[in-house]
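Notes to accompany the following structure.
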Amino acid sequence: MRTTVEAYSLRNAAALVQESSTKRGNLSVQSGKISAGKAAGPEIDLGGSSFLYPALINIHDHFRGNYVPQVGPNGNAFYINWSPWDNDLKASPVYKERANITVEQMYFLSSYKNLFSGVATANDHFPHEINEPFLPRLPIRVIGEYTLAHECSSFDLKWGDGIEIEHKRAVERNWPFITHLEEGFDPESQDGIGILERLGCLDGHDVFIHCIGFSDEDIAKTAKAGASISWCPASNMLMFNVTCKIRKFLEAGVNVCLGTDSTHTGSANLLSEMKFARKVFRDMYGTELPAKTLYRMVTANPAKAFRMQDRTGSLDTGKSADLLVLKAIHDDPYEALAKAEPSDIRLLTLEGVPLLVEEALAEPFRELLAKGYETVKVGGRKVHVRGTPASLYRDVRKAIGFDKKLDYLPFEP
Ligand SMILES: [Fe+2]
C-alpha cells in the first residue's frame, strides 16, 4: 500500500533518536523508505518540540487473547508453570464473555492495542493456520515470516509441525523460531535449553519467551548461541511472582527484547510494559534500568530477533519508513519514550503511511485520510487512525451487551 503522498519530510525534530546519536534534525520519506537528502514533497514541521524514533516493535503478543481483565492465580499460591493458568483462563467468566467477540474482531482489537502504543510491527504467537486469514488485512505489520513451537515440553500445546521441523524451516528461510521457554519451575520446564540443545536446535534463529526458569548456565548457552529473548515482566509477576534474571541476561550480552504477552496476563500495551519493566528492575536490583537499554528492547533488538534489521528498527537511510513521533515530555529522548503515554503520540507510520496522525500534522495526508481512516480523540486531541477503530469498539460493545472498557483503546467510540 502506498500513501498518496509519495514523498514528504519531517522537519525540525528536537532529536532523531538513534542508538549512536540523538541529533536535532530532519528526515525524508520517499516511496515508503527513509531517504537521504531532501524529499520533493510537503514538509511537516515538528516545531522542535517532538522526538522522532523508529516505530516500536512488540516481540511477543497473542492476538486472540487481548481481552481484559487479567486472569491469575488465587491468593498467594502462584503457578508452577503455564498449564494451570490455561485451565483457569478457560474456566473464567472473562473467557466466557470474550466468546461473544469473533476471532476477527479480536485480531483487529489487538492491532489497535499495539498501534495506540506506537507499535508498527508485532508477532502474534499462534500457529499460521489461525492468523493467516487476518494478517494481511490488519492495520499494523504482524509478521508472517516465523516458525514456532508453543513450548518445548511433553505437555505443550503442539503448535506447528514439531520443534525440529519448525527450527529447520527457520534456518532454511532465515526466519526466527519462536517459542515460550522455561515458563515454569517443574523439572521439565526447567530443562528447556537442554531439550533444544539435545535436538540440535539451539542457535541464533531462536527467540525464547519468558525464560524464568533459566539457570546461569542456560543464560550463558543462550548468549553463546546468539539467541534472543522476550522479557515479559508483567505477565511473569502476575502468574509466578518472579521474572527472569534480567540483569544477568543483559550482562551476558543476550539480545533482550520486551514483549507484552496478551492482556490476559500482561500489561495493557507496550508503553505500560516499559514502565512495568523499569519498576520490576528497580525492585529487583535497587538501580534504574537505563532508558536507552529499554529503547533498544523495543526497536533494534526485536528487529534483529525477527531477522528484519535490514528493514526496520532504526532510522537508517534505505529502511522502511516505520516512524514514531512523540511529544518531547522529557529532555532526554530515551526517558521521554520510557515515560510516554498514548496521548503523547503525534505520528506513527508504517512504510511511510500514517497509522495514526494527530490533526495538527495531518495536512499533507488529507486526501489519504478521507478514505480508510477514522477520527477519534486521544488525550483531548483529534487523531486520525487507519482502519475503523471506533466502529470496531462500538461493534464489540454491542456484541458483549454493555459498554466494556478496553484499557488499551485510549478513546471513547
Ligand atoms: Fe505468551
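Starting from 1 in every chain, residues are counted up; chains themselves are A, B, ... following the order of the C-alpha cells, and ligands are numbered from 1 as listed.
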
Could you list, as a PyMOL selection string, all protein and nucleic acid residues with an atom at most 8 Å from ligand 1, counting only C-alpha atoms and all ligand atoms? chain A and resi 60-62+125+180+209-210+261-262

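Every protein, DNA or RNA residue with an atom at most 7 Å from A:Ile57, where only C-alpha atoms count and chain neighbours fewer than 3 positions away do not, is listed here: Val119, Ala120, Thr121, Ala122, Val298, Thr299 and Pro302 of chain A.
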
Mind dumping the selected residues with N, CA and C atoms as a PDB file, in the first residue's frame?
```pdb
ATOM      1  N   VAL A 119       3.369   0.957  18.290  1.00  0.00           N
ATOM      2  CA  VAL A 119       3.924  -0.259  17.687  1.00  0.00           C
ATOM      3  C   VAL A 119       3.447  -0.390  16.238  1.00  0.00           C
ATOM      4  N   ALA A 120       4.394  -0.548  15.317  1.00  0.00           N
ATOM      5  CA  ALA A 120       4.032  -0.777  13.910  1.00  0.00           C
ATOM      6  C   ALA A 120       4.296  -2.211  13.477  1.00  0.00           C
ATOM      7  N   THR A 121       5.092  -2.963  14.275  1.00  0.00           N
ATOM      8  CA  THR A 121       5.429  -4.355  13.929  1.00  0.00           C
ATOM      9  C   THR A 121       5.268  -5.223  15.176  1.00  0.00           C
ATOM     10  N   ALA A 122       4.632  -6.387  14.989  1.00  0.00           N
ATOM     11  CA  ALA A 122       4.446  -7.287  16.130  1.00  0.00           C
ATOM     12  C   ALA A 122       4.434  -8.723  15.648  1.00  0.00           C
ATOM     13  N   VAL A 298      12.817  -2.428  22.399  1.00  0.00           N
ATOM     14  CA  VAL A 298      11.554  -2.284  21.638  1.00  0.00           C
ATOM     15  C   VAL A 298      11.798  -1.752  20.219  1.00  0.00           C
ATOM     16  N   THR A 299      13.094  -1.693  19.800  1.00  0.00           N
ATOM     17  CA  THR A 299      13.401  -1.220  18.432  1.00  0.00           C
ATOM     18  C   THR A 299      14.413  -2.155  17.760  1.00  0.00           C
ATOM     19  N   PRO A 302      14.412  -6.271  18.842  1.00  0.00           N
ATOM     20  CA  PRO A 302      13.419  -7.145  18.224  1.00  0.00           C
ATOM     21  C   PRO A 302      13.537  -7.212  16.694  1.00  0.00           C
TER      22      PRO A 302
END
```

Between atom CA of A:Cys257 and atom CA of A:Val171, measure the distance and give it in Å to one decimal.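 Between atom CA of A:Cys257 and atom CA of A:Val171 the gap is 20.6 Å.
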
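The closest residue to A:Ile212, picked from A:Asn58, A:Thr312, A:Asn100, A:Asn81 and counting only C-alpha atoms, is A:Asn81.
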
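The neighbours of A:Ser267 here are the residues that come within 10 Å of it, using only C-alpha atoms and leaving out any residue fewer than 3 positions away in the same chain; they are Gln70, Cys232, Pro233, Ala234, Ser235, Gly259, Thr260, Asp261, Ser262, Thr263, His264, Leu270, Leu271, Ser272, Glu273, Met274, Lys275, Phe276, Asp407 and Tyr408 of chain A.
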
Taking the chain letters and numbering used in this document, name the residues of stretch 45-130 of chain A that DSSP puts in helix (DSSP H, G or I), as number ranges by chain. A: 63-65, 82-90, 93-98, 103-115, 128-130

Which residues come within 12 Å of A:Asn131, counting only C-alpha atoms, excluding same-chain residues fewer than 3 positions away, as a list in words? His62, Phe63, Arg64, Val103, Glu104, Met106, Tyr107, Phe108, Asn123, Asp124, His125, Phe126, Pro127, His128, Phe134, Leu135, Pro136, Arg137, Leu138, Val142, Ile143 and Gly144 of chain A

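For A:Thr349, the list of residues within 8 Å, based on only C-alpha atoms and with local chain neighbours fewer than 4 positions off taken out, reads Ala55, Ala120, Ala321, Asp322, Leu323, Leu324, Val353, Pro354, Leu355 and Leu356 of chain A.
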
Between atom CA of A:Glu182 and atom CA of A:Glu129, measure the distance and give it in Å to one decimal. 25.1 Å

Using only C-alpha atoms, find the one residue out of A:Gly372, A:Pro133, A:Pro42, A:Gly318 that sits nearest to A:His384.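 Ranking A:Gly372, A:Pro133, A:Pro42, A:Gly318 by distance to A:His384, first place goes to A:Gly372.
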
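Distances to A:Ala77 were evaluated for A:Asn241, A:Asn114, A:Gln309, A:Asn301 using only C-alpha atoms, and the minimum falls at A:Asn241.
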
From A:Met308, A:Pro413, A:Asp203, A:Trp159, residue lying nearest A:Lys398 [only C-alpha atoms]: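 Counting only C-alpha atoms, the residue closest to A:Lys398 is A:Pro413.
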